[in-house]
>>> print(open('start_39.pdb').read())   # PDB, C-alpha atoms
MODEL        1
ATOM      1  CA  MET T   1     213.899 192.593  47.000
ATOM      2  CA  ALA T   2     212.862 191.185  43.633
ATOM      3  CA  ILE T   3     210.701 188.070  43.703
ATOM      4  CA  ASP T   4     212.781 185.188  42.336
ATOM      5  CA  LEU T   5     211.079 181.942  41.327
ATOM      6  CA  THR T   6     214.196 180.193  40.082
ATOM      7  CA  GLY T   7     213.877 176.462  40.675
ATOM      8  CA  ARG T   8     210.124 176.626  41.197
ATOM      9  CA  VAL T   9     207.630 174.730  39.041
ATOM     10  CA  ALA T  10     204.226 176.253  38.364
ATOM     11  CA  ILE T  11     200.987 175.075  36.789
ATOM     12  CA  VAL T  12     198.705 177.752  35.379
ATOM     13  CA  THR T  13     195.321 176.592  34.108
ATOM     14  CA  GLY T  14     193.458 178.425  31.382
ATOM     15  CA  ALA T  15     196.795 179.896  30.318
ATOM     16  CA  GLY T  16     196.300 179.918  26.562
ATOM     17  CA  GLY T  17     195.129 183.531  26.571
ATOM     18  CA  GLY T  18     193.964 186.446  28.669
ATOM     19  CA  LEU T  19     194.880 186.421  32.342
ATOM     20  CA  GLY T  20     196.365 182.939  32.359
ATOM     21  CA  ARG T  21     198.740 183.753  29.521
ATOM     22  CA  GLU T  22     200.036 186.828  31.341
ATOM     23  CA  HIS T  23     200.339 184.919  34.621
ATOM     24  CA  ALA T  24     202.340 182.159  32.932
ATOM     25  CA  LYS T  25     204.638 184.578  31.136
ATOM     26  CA  LEU T  26     205.369 186.592  34.276
ATOM     27  CA  LEU T  27     206.072 183.516  36.407
ATOM     28  CA  ALA T  28     208.403 182.218  33.702
ATOM     29  CA  ALA T  29     210.120 185.584  33.432
ATOM     30  CA  ARG T  30     210.866 185.367  37.161
ATOM     31  CA  GLY T  31     212.474 181.954  36.770
ATOM     32  CA  ALA T  32     209.687 179.427  37.209
ATOM     33  CA  LYS T  33     209.274 176.441  34.919
ATOM     34  CA  VAL T  34     205.654 176.602  33.811
ATOM     35  CA  VAL T  35     203.014 174.107  32.746
ATOM     36  CA  VAL T  36     200.796 176.096  30.395
ATOM     37  CA  ASN T  37     197.451 174.355  30.647
ATOM     38  CA  ASP T  38     194.614 175.233  28.316
ATOM     39  CA  LEU T  39     191.799 173.188  26.849
ATOM     40  CA  GLY T  40     191.615 175.689  24.015
ATOM     41  CA  GLY T  41     187.842 176.016  24.164
ATOM     42  CA  SER T  42     185.541 178.956  23.587
ATOM     43  CA  VAL T  43     184.355 181.299  26.336
ATOM     44  CA  SER T  44     181.411 178.941  26.868
ATOM     45  CA  GLY T  45     183.760 175.946  27.140
ATOM     46  CA  SER T  46     182.984 174.259  23.831
ATOM     47  CA  ASP T  47     185.508 172.784  21.371
ATOM     48  CA  GLY T  48     189.178 172.477  22.286
ATOM     49  CA  SER T  49     192.733 172.657  20.939
ATOM     50  CA  ILE T  50     196.193 172.723  22.484
ATOM     51  CA  ALA T  51     197.320 175.313  19.920
ATOM     52  CA  ALA T  52     196.802 178.256  22.284
ATOM     53  CA  ALA T  53     198.887 176.645  25.015
ATOM     54  CA  ASP T  54     201.612 175.789  22.508
ATOM     55  CA  ALA T  55     201.725 179.421  21.387
ATOM     56  CA  VAL T  56     202.281 180.631  24.954
ATOM     57  CA  VAL T  57     205.026 178.059  25.465
ATOM     58  CA  ARG T  58     206.766 179.396  22.357
ATOM     59  CA  GLU T  59     206.517 182.932  23.755
ATOM     60  CA  ILE T  60     208.053 181.832  27.043
ATOM     61  CA  GLU T  61     210.837 179.900  25.329
ATOM     62  CA  ALA T  62     211.591 182.801  22.997
ATOM     63  CA  ALA T  63     212.104 184.969  26.093
ATOM     64  CA  GLY T  64     214.540 182.433  27.540
ATOM     65  CA  GLY T  65     212.146 180.599  29.831
ATOM     66  CA  GLU T  66     211.138 176.971  30.152
ATOM     67  CA  ALA T  67     207.587 175.688  29.740
ATOM     68  CA  MET T  68     205.469 172.805  28.550
ATOM     69  CA  ALA T  69     201.969 172.810  27.065
ATOM     70  CA  ASP T  70     199.116 170.709  28.350
ATOM     71  CA  GLY T  71     195.571 170.372  27.051
ATOM     72  CA  ALA T  72     193.934 168.680  30.035
ATOM     73  CA  SER T  73     190.349 169.549  30.857
ATOM     74  CA  VAL T  74     190.262 170.604  34.503
ATOM     75  CA  THR T  75     186.841 168.970  34.778
ATOM     76  CA  GLU T  76     188.395 165.530  34.248
ATOM     77  CA  MET T  77     190.424 164.285  37.215
ATOM     78  CA  ALA T  78     192.232 161.641  35.188
ATOM     79  CA  GLN T  79     193.456 164.275  32.732
ATOM     80  CA  VAL T  80     194.547 166.560  35.556
ATOM     81  CA  GLU T  81     196.457 163.734  37.225
ATOM     82  CA  ALA T  82     198.181 162.974  33.923
ATOM     83  CA  MET T  83     199.196 166.644  33.618
ATOM     84  CA  VAL T  84     200.645 166.628  37.123
ATOM     85  CA  ALA T  85     202.463 163.354  36.459
ATOM     86  CA  ALA T  86     204.002 164.797  33.280
ATOM     87  CA  ALA T  87     205.231 167.847  35.177
ATOM     88  CA  MET T  88     206.693 165.665  37.924
ATOM     89  CA  GLU T  89     208.417 163.422  35.401
ATOM     90  CA  ARG T  90     209.996 166.405  33.664
ATOM     91  CA  TRP T  91     210.846 168.646  36.626
ATOM     92  CA  GLY T  92     210.446 166.551  39.779
ATOM     93  CA  ARG T  93     208.357 168.975  41.827
ATOM     94  CA  ILE T  94     205.369 171.334  41.743
ATOM     95  CA  ASP T  95     205.525 174.462  43.863
ATOM     96  CA  ILE T  96     202.837 176.725  42.448
ATOM     97  CA  LEU T  97     199.296 176.207  41.203
ATOM     98  CA  VAL T  98     197.265 179.029  39.720
ATOM     99  CA  ASN T  99     193.656 177.929  39.239
ATOM    100  CA  ASN T 100     192.616 180.291  36.468
ATOM    101  CA  ALA T 101     190.555 178.225  34.004
ATOM    102  CA  GLY T 102     186.984 179.367  33.592
ATOM    103  CA  ILE T 103     183.965 179.722  31.340
ATOM    104  CA  LEU T 104     180.893 181.946  31.229
ATOM    105  CA  ARG T 105     177.278 181.023  30.558
ATOM    106  CA  ASP T 106     175.441 184.138  31.702
ATOM    107  CA  LYS T 107     171.664 184.305  32.000
ATOM    108  CA  THR T 108     169.235 185.406  34.650
ATOM    109  CA  PHE T 109     168.427 182.637  37.092
ATOM    110  CA  ALA T 110     164.856 182.486  35.797
ATOM    111  CA  LYS T 111     166.092 181.705  32.286
ATOM    112  CA  MET T 112     169.129 179.605  33.125
ATOM    113  CA  ASP T 113     169.223 175.942  32.242
ATOM    114  CA  LEU T 114     170.596 173.858  35.099
ATOM    115  CA  ALA T 115     173.069 172.294  32.687
ATOM    116  CA  ASP T 116     174.653 175.722  32.267
ATOM    117  CA  PHE T 117     174.727 176.167  36.025
ATOM    118  CA  ARG T 118     176.499 172.833  36.484
ATOM    119  CA  ALA T 119     178.938 173.491  33.644
ATOM    120  CA  VAL T 120     180.205 176.678  35.269
ATOM    121  CA  ILE T 121     180.448 175.014  38.685
ATOM    122  CA  ASP T 122     182.321 172.086  37.118
ATOM    123  CA  VAL T 123     184.978 174.271  35.496
ATOM    124  CA  HIS T 124     185.522 176.959  38.121
ATOM    125  CA  LEU T 125     184.943 175.077  41.356
ATOM    126  CA  MET T 126     185.513 171.401  40.584
ATOM    127  CA  GLY T 127     188.307 172.284  38.151
ATOM    128  CA  ALA T 128     190.137 174.035  40.987
ATOM    129  CA  VAL T 129     189.343 171.137  43.331
ATOM    130  CA  HIS T 130     190.732 168.593  40.875
ATOM    131  CA  CYS T 131     193.949 170.516  40.261
ATOM    132  CA  THR T 132     194.467 171.294  43.933
ATOM    133  CA  LYS T 133     193.816 167.706  44.983
ATOM    134  CA  ALA T 134     196.273 166.452  42.368
ATOM    135  CA  VAL T 135     199.131 168.596  43.739
ATOM    136  CA  TRP T 136     198.217 168.649  47.437
ATOM    137  CA  GLU T 137     200.190 165.581  48.560
ATOM    138  CA  ILE T 138     203.172 166.658  46.472
ATOM    139  CA  MET T 139     203.196 170.010  48.238
ATOM    140  CA  ARG T 140     202.718 168.354  51.637
ATOM    141  CA  ARG T 141     205.736 166.111  51.036
ATOM    142  CA  GLN T 142     207.782 169.105  49.928
ATOM    143  CA  ASN T 143     206.584 171.184  52.889
ATOM    144  CA  TYR T 144     206.056 173.956  50.372
ATOM    145  CA  GLY T 145     203.256 175.092  48.115
ATOM    146  CA  ARG T 146     201.589 178.222  46.816
ATOM    147  CA  ILE T 147     198.023 177.989  45.471
ATOM    148  CA  VAL T 148     195.924 180.768  43.971
ATOM    149  CA  MET T 149     192.175 180.434  43.453
ATOM    150  CA  THR T 150     190.618 182.867  40.991
ATOM    151  CA  THR T 151     187.524 184.305  42.612
ATOM    152  CA  SER T 152     185.512 187.306  41.421
ATOM    153  CA  SER T 153     183.624 190.349  42.637
ATOM    154  CA  SER T 154     180.610 188.620  41.060
ATOM    155  CA  GLY T 155     180.817 186.088  43.867
ATOM    156  CA  LEU T 156     182.028 188.428  46.593
ATOM    157  CA  PHE T 157     179.469 191.152  45.915
ATOM    158  CA  GLY T 158     177.034 189.819  43.280
ATOM    159  CA  ASN T 159     176.436 190.592  39.618
ATOM    160  CA  PHE T 160     173.157 190.453  37.714
ATOM    161  CA  GLY T 161     172.844 187.421  35.432
ATOM    162  CA  GLN T 162     175.725 185.463  36.937
ATOM    163  CA  SER T 163     174.198 183.224  39.585
ATOM    164  CA  ASN T 164     176.207 180.219  38.361
ATOM    165  CA  TYR T 165     179.474 182.135  38.066
ATOM    166  CA  GLY T 166     178.978 183.988  41.341
ATOM    167  CA  ALA T 167     178.159 180.788  43.221
ATOM    168  CA  ALA T 168     181.272 179.063  41.869
ATOM    169  CA  LYS T 169     183.517 182.016  42.626
ATOM    170  CA  MET T 170     182.301 182.405  46.198
ATOM    171  CA  ALA T 171     182.700 178.663  46.729
ATOM    172  CA  LEU T 172     186.378 179.079  45.856
ATOM    173  CA  VAL T 173     186.719 181.546  48.724
ATOM    174  CA  GLY T 174     185.356 178.932  51.103
ATOM    175  CA  LEU T 175     187.762 176.362  49.687
ATOM    176  CA  MET T 176     190.642 178.785  50.167
ATOM    177  CA  GLN T 177     189.637 179.542  53.758
ATOM    178  CA  VAL T 178     189.737 175.881  54.750
ATOM    179  CA  LEU T 179     192.799 174.814  52.753
ATOM    180  CA  SER T 180     194.840 177.721  54.102
ATOM    181  CA  LEU T 181     194.241 176.324  57.586
ATOM    182  CA  GLU T 182     194.899 172.699  56.613
ATOM    183  CA  GLY T 183     198.030 173.566  54.645
ATOM    184  CA  ARG T 184     199.640 175.840  57.198
ATOM    185  CA  LYS T 185     201.807 173.220  58.943
ATOM    186  CA  ASN T 186     203.299 172.217  55.571
ATOM    187  CA  ASP T 187     203.860 175.805  54.414
ATOM    188  CA  ILE T 188     201.159 175.537  51.782
ATOM    189  CA  ARG T 189     199.785 179.041  51.398
ATOM    190  CA  VAL T 190     196.417 179.408  49.705
ATOM    191  CA  ASN T 191     194.996 182.714  48.505
ATOM    192  CA  CYS T 192     192.366 184.150  46.184
ATOM    193  CA  LEU T 193     192.693 186.631  43.355
ATOM    194  CA  ALA T 194     189.663 188.653  42.254
ATOM    195  CA  PRO T 195     190.683 190.167  38.897
ATOM    196  CA  THR T 196     189.124 192.847  36.753
ATOM    197  CA  ALA T 197     190.616 192.473  33.290
ATOM    198  CA  ALA T 198     189.772 192.874  29.649
ATOM    199  CA  THR T 199     189.611 189.276  28.446
ATOM    200  CA  ARG T 200     187.394 187.468  25.945
ATOM    201  CA  MET T 201     184.798 187.293  28.696
ATOM    202  CA  LEU T 202     184.390 191.099  28.698
ATOM    203  CA  GLU T 203     184.477 191.760  24.971
ATOM    204  CA  GLY T 204     181.486 193.851  23.956
ATOM    205  CA  LEU T 205     180.586 194.649  27.567
ATOM    206  CA  LEU T 206     182.920 197.629  28.145
ATOM    207  CA  PRO T 207     184.056 200.587  25.992
ATOM    208  CA  GLU T 208     187.407 200.263  24.234
ATOM    209  CA  GLU T 209     189.205 202.774  26.487
ATOM    210  CA  ALA T 210     188.165 200.819  29.578
ATOM    211  CA  LEU T 211     189.292 197.557  28.002
ATOM    212  CA  ALA T 212     192.684 199.085  27.235
ATOM    213  CA  ALA T 213     193.145 200.196  30.856
ATOM    214  CA  LEU T 214     192.126 196.766  32.135
ATOM    215  CA  ALA T 215     194.852 194.844  30.333
ATOM    216  CA  PRO T 216     195.367 191.369  31.870
ATOM    217  CA  ALA T 217     199.063 192.122  32.366
ATOM    218  CA  THR T 218     198.134 194.712  35.010
ATOM    219  CA  VAL T 219     196.651 191.939  37.173
ATOM    220  CA  SER T 220     199.481 189.394  37.009
ATOM    221  CA  PRO T 221     201.808 191.161  39.504
ATOM    222  CA  GLY T 222     199.190 190.248  42.097
ATOM    223  CA  VAL T 223     199.625 186.566  41.255
ATOM    224  CA  LEU T 224     203.399 186.907  41.511
ATOM    225  CA  ALA T 225     203.043 188.403  44.997
ATOM    226  CA  LEU T 226     200.670 185.603  46.053
ATOM    227  CA  VAL T 227     203.050 182.821  44.978
ATOM    228  CA  ALA T 228     206.269 184.286  46.330
ATOM    229  CA  LYS T 229     208.184 182.577  49.133
ATOM    230  CA  ASP T 230     206.975 185.193  51.639
ATOM    231  CA  ALA T 231     203.393 185.259  50.308
ATOM    232  CA  PRO T 232     200.518 185.683  52.752
ATOM    233  CA  THR T 233     197.840 183.060  53.216
ATOM    234  CA  ARG T 234     194.024 183.439  53.395
ATOM    235  CA  THR T 235     194.163 186.695  51.434
ATOM    236  CA  ILE T 236     191.544 187.826  48.933
ATOM    237  CA  LEU T 237     193.464 190.149  46.631
ATOM    238  CA  CYS T 238     191.459 192.280  44.221
ATOM    239  CA  ALA T 239     193.276 193.567  41.144
ATOM    240  CA  GLY T 240     192.600 195.620  38.041
ATOM    241  CA  ALA T 241     194.149 198.410  35.951
ATOM    242  CA  GLY T 242     197.280 198.326  38.110
ATOM    243  CA  SER T 243     195.348 198.836  41.355
ATOM    244  CA  PHE T 244     195.159 196.324  44.192
ATOM    245  CA  GLU T 245     192.844 195.956  47.170
ATOM    246  CA  GLN T 246     191.917 193.364  49.772
ATOM    247  CA  ALA T 247     188.422 192.037  50.361
ATOM    248  CA  HIS T 248     187.413 190.631  53.750
ATOM    249  CA  LEU T 249     184.598 188.552  55.153
ATOM    250  CA  THR T 250     183.857 190.284  58.428
ATOM    251  CA  LEU T 251     181.713 189.553  61.473
ATOM    252  CA  THR T 252     179.926 192.454  63.142
ATOM    253  CA  ARG T 253     179.514 192.770  66.891
ATOM    254  CA  GLY T 254     175.773 192.232  66.479
ATOM    255  CA  ILE T 255     173.204 191.893  69.266
ATOM    256  CA  HIS T 256     171.938 189.315  71.713
ATOM    257  CA  ALA T 257     168.227 188.710  71.022
ATOM    258  CA  GLY T 258     167.774 185.839  73.447
ATOM    259  CA  ARG T 259     165.510 182.818  73.019
ATOM    260  CA  GLY T 260     162.177 184.382  73.898
ATOM    261  CA  ASP T 261     159.061 184.399  71.752
ATOM    262  CA  ASP T 262     159.966 187.909  70.564
ATOM    263  CA  ALA T 263     163.523 187.041  69.412
ATOM    264  CA  ALA T 264     162.593 187.399  65.736
ATOM    265  CA  GLU T 265     161.009 190.788  66.397
ATOM    266  CA  ARG T 266     164.110 191.913  68.298
ATOM    267  CA  ILE T 267     166.207 190.964  65.246
ATOM    268  CA  GLN T 268     163.783 192.735  62.932
ATOM    269  CA  SER T 269     164.009 195.958  64.904
ATOM    270  CA  SER T 270     167.808 195.823  65.134
ATOM    271  CA  TRP T 271     169.021 195.527  61.539
ATOM    272  CA  ALA T 272     170.970 198.784  61.781
ATOM    273  CA  GLU T 273     172.771 197.635  64.930
ATOM    274  CA  LEU T 274     173.405 194.209  63.455
ATOM    275  CA  ALA T 275     174.988 195.837  60.411
ATOM    276  CA  ASP T 276     177.120 198.322  62.389
ATOM    277  CA  GLN T 277     180.750 197.735  61.338
ATOM    278  CA  ARG T 278     182.213 199.205  64.537
ATOM    279  CA  GLY T 279     183.915 196.453  66.464
ATOM    280  CA  SER T 280     183.717 194.019  63.557
ATOM    281  CA  VAL T 281     186.381 191.331  63.194
ATOM    282  CA  VAL T 282     187.873 189.178  60.454
ATOM    283  CA  PRO T 283     187.498 185.680  61.962
ATOM    284  CA  GLU T 284     190.567 183.456  62.067
ATOM    285  CA  ASN T 285     188.385 180.370  61.738
ATOM    286  CA  ALA T 286     184.777 179.191  61.953
ATOM    287  CA  GLY T 287     184.906 178.954  65.749
ATOM    288  CA  VAL T 288     185.130 182.722  66.163
ATOM    289  CA  GLN T 289     181.432 183.164  65.402
ATOM    290  CA  GLY T 290     180.495 180.881  68.276
ATOM    291  CA  GLN T 291     182.943 182.632  70.602
ATOM    292  CA  VAL T 292     181.433 186.032  69.821
ATOM    293  CA  GLU T 293     177.922 184.703  70.336
ATOM    294  CA  LEU T 294     178.770 183.092  73.680
ATOM    295  CA  GLU T 295     180.436 186.309  74.848
ATOM    296  CA  LYS T 296     177.247 188.240  74.159
ATOM    297  CA  LEU T 297     175.216 185.598  75.981
ATOM    298  CA  LYS T 298     177.462 185.962  79.038
ATOM    299  CA  GLU T 299     177.060 189.732  78.901
ATOM    300  CA  ALA T 300     173.284 189.362  78.703
ATOM    301  CA  LEU T 301     173.328 187.018  81.686
ATOM    302  CA  GLY T 302     175.722 189.239  83.604
ATOM    303  CA  VAL T 303     178.297 186.510  84.092
TER     304      VAL T 303
ENDMDL
END
>>> encode(input="start_39.pdb", output="structure tokens")
Amino acid sequence: MAIDLTGRVAIVTGAGGGLGREHAKLLAARGAKVVVNDLGGSVSGSDGSIAAADAVVREIEAAGGEAMADGASVTEMAQVEAMVAAAMERWGRIDILVNNAGILRDKTFAKMDLADFRAVIDVHLMGAVHCTKAVWEIMRRQNYGRIVMTTSSSGLFGNFGQSNYGAAKMALVGLMQVLSLEGRKNDIRVNCLAPTAATRMLEGLLPEEALAALAPATVSPGVLALVAKDAPTRTILCAGAGSFEQAHLTLTRGIHAGRGDDAAERIQSSWAELADQRGSVVPENAGVQGQVELEKLKEALGV
């Protein structure tokens, strides 16, 4: 059955180009009214203009959709709250939030200025926190909400020269894990998207044929699936070039090393067993780790 977003209201941040633009256009094409948010800055986050957001709104309207442009900086809570208030005044509800806004300031950790580290954290992590906080009570009152955090394989698996970006992106996974639990009783479903796409951030880093295959539009169906009425929650969806995968944070069966003086040496000699994926689980919550550890203690004690 086709995913129908008629009557839904969505906010997409960083939607003036690249992934955000395609997300906004697809959600609008499926019936959602869309707030196209974009500061209009460079890849590094400097400057700013609402022109890019306005252009996307015109595209959506030309295709028969409904949208409004917003130039709020996601790093400024007051601006985010004003954006949310404007959407509520116009449409009366907010059902979908796609946290997509981001910047890059790549350098090795040895050469990175802490100001560049903070700037990336502020946009990716705190930007998502601000936007999510601003819509959270609205979604709780509605007993309905769909939130997508944009994570990255740079955070999930690491990428040279992106300590700031990777830290921010992995932090979003942690935020998603907790909010998916807290939002469950109000049908607020929170997921992560890890995209691979040819955007301004990848220009000059990949050959032209690879960039063509990694068109942002090939990622956006993943967003549509994550914001649908029957969307999952606590899912990390990877997407690129029309392919989709799931990433998981797993817990291996591990070992019981005890509390003796040689516990560290037992760990040191057991790395292969500790890493063995057989019997691994995807924990439902933080308490699972403790449960697994206590089970092994009981086995060791023979109780």
>>> closest_residue(input="start_39.pdb", among="T:Ala197, T:Leu249, T:Ala62, T:Val303", to="T:Glu22", atoms="all atoms listed in the file")
T:Ala197
>>> atom_distance(input="start_39.pdb", atom1="atom CA of T:Val173", atom2="atom CA of T:Met112")
23.6 Å
>>> resolve_selection(input="start_39.pdb", expression="the PyMOL selection byres ((chain T and resi 150-160) around 10)", output="compact mmCIF listing (two decimals) with C-alpha atoms, keeping the file's coordinate frame")
# COMPACT_ATOMS: atom_id res chain seq x y z
CA VAL T 98 197.26 179.03 39.72
CA ASN T 99 193.66 177.93 39.24
CA ASN T 100 192.62 180.29 36.47
CA ALA T 101 190.56 178.22 34.00
CA GLY T 102 186.98 179.37 33.59
CA ASP T 106 175.44 184.14 31.70
CA LYS T 107 171.66 184.30 32.00
CA THR T 108 169.24 185.41 34.65
CA PHE T 109 168.43 182.64 37.09
CA HIS T 124 185.52 176.96 38.12
CA LEU T 125 184.94 175.08 41.36
CA ALA T 128 190.14 174.04 40.99
CA ILE T 147 198.02 177.99 45.47
CA VAL T 148 195.92 180.77 43.97
CA MET T 149 192.18 180.43 43.45
CA GLY T 161 172.84 187.42 35.43
CA GLN T 162 175.72 185.46 36.94
CA SER T 163 174.20 183.22 39.58
CA ASN T 164 176.21 180.22 38.36
CA TYR T 165 179.47 182.14 38.07
CA GLY T 166 178.98 183.99 41.34
CA ALA T 167 178.16 180.79 43.22
CA ALA T 168 181.27 179.06 41.87
CA LYS T 169 183.52 182.02 42.63
CA MET T 170 182.30 182.40 46.20
CA ALA T 171 182.70 178.66 46.73
CA LEU T 172 186.38 179.08 45.86
CA VAL T 173 186.72 181.55 48.72
CA MET T 176 190.64 178.78 50.17
CA ASN T 191 195.00 182.71 48.50
CA CYS T 192 192.37 184.15 46.18
CA LEU T 193 192.69 186.63 43.36
CA ALA T 194 189.66 188.65 42.25
CA PRO T 195 190.68 190.17 38.90
CA THR T 196 189.12 192.85 36.75
CA VAL T 223 199.62 186.57 41.26
CA ILE T 236 191.54 187.83 48.93
CA LEU T 237 193.46 190.15 46.63
CA CYS T 238 191.46 192.28 44.22
CA ALA T 239 193.28 193.57 41.14
CA ALA T 247 188.42 192.04 50.36
CA HIS T 248 187.41 190.63 53.75
CA LEU T 249 184.60 188.55 55.15
>>> atom_distance(input="start_39.pdb", atom1="atom CA of T:Leu114", atom2="atom CA of T:Glu81")
27.9 Å
>>> residues_around(input="start_39.pdb", residues="T:Leu39", least_positions_apart="6", cutoff="8 Å", atoms="only C-alpha atoms", output="VMD selection string")
chain T and resid 14 48 to 50 70 to 73
>>> resolve_selection(input="start_39.pdb", expression="the PyMOL selection byres ((chain T and resi 4) around 7)", output="VMD selection string")
chain T and resid 2 to 3 5 to 6 30 to 31
>>> resolve_selection(input="start_39.pdb", expression="the PyMOL selection byres ((chain T and resi 188) around 12)", output="MDAnalysis selection string")
chainID T and resid 94:97 132 135:148 176 178:187 189:191 226:234
>>> closest_residue(input="start_39.pdb", among="T:Ala213, T:Ala286, T:Met88, T:Val74", to="T:Gly174", atoms="all atoms listed in the file")
T:Ala286
>>> atom_distance(input="start_39.pdb", atom1="atom CA of T:Gly64", atom2="atom CA of T:His23")
16.1 Å
>>> closest_residue(input="start_39.pdb", among="T:Arg93, T:Arg21, T:Arg253, T:Arg8", to="T:Ala69", atoms="all atoms listed in the file")
T:Arg21
>>> closest_residue(input="start_39.pdb", among="T:Ala51, T:Met126, T:Leu214, T:Leu251", to="T:Val288", atoms="only C-alpha atoms")
T:Leu251
>>> closest_residue(input="start_39.pdb", among="T:Lys25, T:His130, T:Arg266, T:Arg105", to="T:Met83", atoms="all atoms listed in the file")
T:His130
>>> closest_residue(input="start_39.pdb", among="T:Thr13, T:Ser270, T:Thr218, T:Gln177", to="T:Pro283", atoms="only C-alpha atoms")
T:Gln177
>>> residues_around(input="start_39.pdb", residues="T:Leu19", least_positions_apart="5", cutoff="8 Å", atoms="all atoms listed in the file", output="ChimeraX atom specification")
/T:100,197,199,216-217,219-220
>>> decode(input="start_39.pdb", residues="stretch 53-67 of chain T", atoms="N, CA, C and O atoms", output="compact mmCIF listing (two decimals), in the first residue's frame")
# COMPACT_ATOMS: atom_id res chain seq x y z
N ALA T 53 15.88 27.90 0.61
CA ALA T 53 14.62 27.35 1.11
C ALA T 53 13.44 27.83 0.28
O ALA T 53 12.53 27.06 -0.04
N ASP T 54 13.45 29.09 -0.08
CA ASP T 54 12.39 29.65 -0.93
C ASP T 54 12.31 28.91 -2.27
O ASP T 54 11.21 28.63 -2.77
N ALA T 55 13.47 28.59 -2.83
CA ALA T 55 13.50 27.90 -4.12
C ALA T 55 12.87 26.51 -4.01
O ALA T 55 12.14 26.08 -4.92
N VAL T 56 13.11 25.82 -2.92
CA VAL T 56 12.52 24.49 -2.74
C VAL T 56 11.02 24.60 -2.54
O VAL T 56 10.25 23.79 -3.07
N VAL T 57 10.59 25.61 -1.81
CA VAL T 57 9.14 25.83 -1.64
C VAL T 57 8.48 26.05 -3.00
O VAL T 57 7.41 25.50 -3.27
N ARG T 58 9.12 26.83 -3.86
CA ARG T 58 8.55 27.06 -5.19
C ARG T 58 8.46 25.76 -5.98
O ARG T 58 7.48 25.52 -6.71
N GLU T 59 9.47 24.90 -5.85
CA GLU T 59 9.43 23.60 -6.52
C GLU T 59 8.25 22.77 -6.02
O GLU T 59 7.54 22.13 -6.81
N ILE T 60 8.06 22.75 -4.72
CA ILE T 60 6.97 21.97 -4.13
C ILE T 60 5.63 22.52 -4.58
O ILE T 60 4.72 21.76 -4.97
N GLU T 61 5.48 23.84 -4.55
CA GLU T 61 4.22 24.45 -4.95
C GLU T 61 3.94 24.24 -6.43
O GLU T 61 2.79 24.00 -6.83
N ALA T 62 4.97 24.28 -7.25
CA ALA T 62 4.80 24.06 -8.69
C ALA T 62 4.31 22.64 -8.97
O ALA T 62 3.62 22.40 -9.98
N ALA T 63 4.64 21.72 -8.08
CA ALA T 63 4.22 20.32 -8.24
C ALA T 63 2.87 20.06 -7.57
O ALA T 63 2.41 18.92 -7.53
N GLY T 64 2.25 21.11 -7.04
CA GLY T 64 0.94 20.98 -6.44
C GLY T 64 0.93 20.77 -4.94
O GLY T 64 -0.12 20.55 -4.34
N GLY T 65 2.09 20.90 -4.32
CA GLY T 65 2.19 20.70 -2.87
C GLY T 65 2.08 22.00 -2.10
O GLY T 65 1.92 23.08 -2.68
N GLU T 66 2.20 21.88 -0.79
CA GLU T 66 2.09 23.05 0.09
C GLU T 66 3.30 23.09 1.01
O GLU T 66 3.65 22.08 1.64
N ALA T 67 3.95 24.24 1.09
CA ALA T 67 5.17 24.36 1.89
C ALA T 67 5.39 25.80 2.31
O ALA T 67 4.80 26.72 1.75
